[in-house]
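Shown next: work-v3.cif, containing mmCIF, C-alpha atoms.
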data_data
loop_
_atom_site.label_atom_id
_atom_site.label_comp_id
_atom_site.auth_asym_id
_atom_site.auth_seq_id
_atom_site.Cartn_x
_atom_site.Cartn_y
_atom_site.Cartn_z
CA MET A 17 35.85 -45.93 12.53
CA ASN A 18 35.37 -44.86 16.17
CA THR A 19 31.75 -46.00 16.02
CA TRP A 20 32.80 -49.55 15.10
CA ILE A 21 35.31 -49.60 17.93
CA ALA A 22 32.56 -48.56 20.35
CA ILE A 23 30.21 -51.22 18.96
CA GLY A 24 32.90 -53.89 19.26
CA ALA A 25 33.81 -52.85 22.81
CA THR A 26 30.14 -52.87 23.82
CA ALA A 27 29.61 -56.32 22.32
CA LEU A 28 32.69 -57.68 24.11
CA GLY A 29 31.58 -56.07 27.36
CA CYS A 30 28.10 -57.59 27.11
CA TYR A 31 29.59 -61.00 26.37
CA ALA A 32 31.96 -60.68 29.35
CA VAL A 33 29.12 -59.76 31.71
CA LYS A 34 27.04 -62.70 30.50
CA LEU A 35 30.02 -65.05 30.85
CA ALA A 36 30.72 -63.76 34.36
CA GLY A 37 27.10 -64.50 35.30
CA LEU A 38 27.41 -68.06 34.03
CA LEU A 39 30.64 -68.62 35.94
CA VAL A 40 29.16 -67.71 39.35
CA PRO A 41 28.90 -70.87 41.48
CA ALA A 42 25.35 -72.04 42.17
CA GLY A 43 26.03 -72.02 45.93
CA ALA A 44 26.72 -68.30 45.86
CA LEU A 45 23.34 -67.63 44.25
CA GLU A 46 21.44 -69.58 46.91
CA ARG A 47 22.49 -67.35 49.81
CA PRO A 48 19.56 -65.47 51.40
CA LEU A 49 21.19 -62.06 50.99
CA VAL A 50 21.84 -62.63 47.29
CA ARG A 51 18.28 -63.84 46.75
CA ARG A 52 16.86 -60.75 48.53
CA LEU A 53 19.06 -58.41 46.53
CA ALA A 54 18.16 -60.16 43.27
CA ALA A 55 14.47 -59.69 44.08
CA LEU A 56 14.86 -55.99 44.93
CA LEU A 57 17.30 -54.94 42.21
CA PRO A 58 14.79 -54.76 39.30
CA VAL A 59 12.45 -52.62 41.40
CA ALA A 60 15.26 -50.23 42.32
CA LEU A 61 16.46 -49.97 38.72
CA LEU A 62 12.94 -49.33 37.43
CA ALA A 63 12.37 -46.67 40.09
CA ALA A 64 15.65 -44.97 39.20
CA LEU A 65 14.82 -45.04 35.50
CA THR A 66 11.36 -43.62 36.14
CA ALA A 67 12.76 -40.82 38.31
CA GLN A 68 15.44 -39.97 35.78
CA GLN A 69 12.99 -39.89 32.86
CA THR A 70 10.41 -37.90 34.86
CA PHE A 71 12.49 -35.27 36.61
CA ALA A 72 15.52 -34.77 34.34
CA ASP A 73 16.00 -32.69 31.24
CA GLY A 74 19.61 -33.03 30.21
CA HIS A 75 21.59 -32.03 33.27
CA ALA A 76 18.78 -30.09 34.95
CA LEU A 77 15.97 -31.14 37.25
CA VAL A 78 12.50 -30.12 36.09
CA LEU A 79 8.94 -30.34 37.31
CA ASP A 80 6.56 -30.47 34.38
CA ALA A 81 3.56 -32.44 33.13
CA ARG A 82 5.43 -35.73 33.50
CA ALA A 83 5.63 -35.25 37.26
CA ALA A 84 1.87 -34.70 37.42
CA GLY A 85 1.33 -37.89 35.43
CA VAL A 86 3.54 -39.92 37.76
CA ALA A 87 1.75 -38.46 40.79
CA ALA A 88 -1.63 -39.36 39.29
CA ALA A 89 -0.40 -42.88 38.54
CA GLY A 90 0.83 -43.20 42.11
CA LEU A 91 -2.57 -42.14 43.42
CA ALA A 92 -4.28 -44.66 41.13
CA LEU A 93 -1.96 -47.38 42.46
CA VAL A 94 -2.78 -46.43 46.05
CA LEU A 95 -6.46 -46.73 45.15
CA ARG A 96 -5.72 -50.24 43.78
CA ALA A 97 -6.66 -49.48 40.18
CA PRO A 98 -5.81 -52.09 37.53
CA PHE A 99 -2.56 -51.56 35.64
CA LEU A 100 -4.18 -50.40 32.39
CA VAL A 101 -6.25 -47.87 34.32
CA VAL A 102 -3.08 -46.60 36.04
CA VAL A 103 -1.40 -46.11 32.65
CA ALA A 104 -4.51 -44.43 31.20
CA VAL A 105 -4.75 -42.05 34.17
CA ALA A 106 -1.08 -41.13 33.85
CA VAL A 107 -1.43 -40.48 30.13
CA ALA A 108 -4.62 -38.44 30.55
CA VAL A 109 -3.24 -36.29 33.36
CA THR A 110 0.06 -35.67 31.53
CA ALA A 111 -1.76 -34.72 28.32
CA GLY A 112 -4.21 -32.54 30.23
CA VAL A 113 -1.48 -30.62 32.03
CA ARG A 114 0.41 -30.12 28.78
CA ALA A 115 -2.78 -28.95 27.04
CA VAL A 116 -3.38 -26.22 29.60
CA GLY A 117 0.23 -25.11 29.29
CA GLY A 118 1.75 -26.61 32.43
#

For this file, write the structure as C-alpha cells.
Amino acid sequence: MNTWIAIGATALGCYAVKLAGLLVPAGALERPLVRRLAALLPVALLAALTAQQTFADGHALVLDARAAGVAAAGLALVLRAPFLVVVAVAVAVTAGVRAVGG
C-alpha cells in the first residue's frame, strides 16, 4: 500500500512541476539571467551526476577504475577527439584498469 502512495505522490508532484512551468509568464523567461541559467543548468546537472556516479559508492567516496575512465575521457576531449572515440577510450581504460585489479 505504501508503494502506491509513493507512486501517486510522485505522479502528482511531477504534474505540479510541469503545471508550474506552464504557468510561468513568457516575459519572465526572456530575461537574460534566466536564459543564461537555463543554458548552464543542464551542464551543471550532468556534471554533478557524472561526479556522483564516478566517485561515490553508497555514502563513501572512492577512487577506482571509473575515475581513470573519466580522466581518460577528459584527456580525449582536450585532444578534440570525436564523441564516440571519447566513449571508447573511457570504456577501454576503465576495463583495462579493472582487468589489472585496480

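Taking CA of Leu91 (chain A) and CA of Val116 (chain A) as the two end points, the separation is 21.1 Å.
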
**Request:** Check what the PyMOL selection byres ((chain A and resi 84) around 10) selects in the file above and give those residues as an NGL selection string.
**Result:** :A and (70 or 79-83 or 85-90 or 106-107 or 109-114 or 118)

**Request:** Could you please determine the separation between CA of Lys34 (chain A) and CA of Leu57 (chain A) in Å, to one decimal place?
**Result:** 17.1 Å

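From CA of Leu39 (chain A) back to CA of Ala27 (chain A), the distance works out to 18.4 Å.
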
Given 5 Å on each side, where is the centre and what are the edge lengths in Å to one decimal of the axis-aligned box enclosing the listed atoms of region 31-36 of chain A, as lines of an AutoDock Vina configuration file?
center_x = 29.5
center_y = -62.4
center_z = 30.4
size_x = 14.9
size_y = 15.3
size_z = 18.0
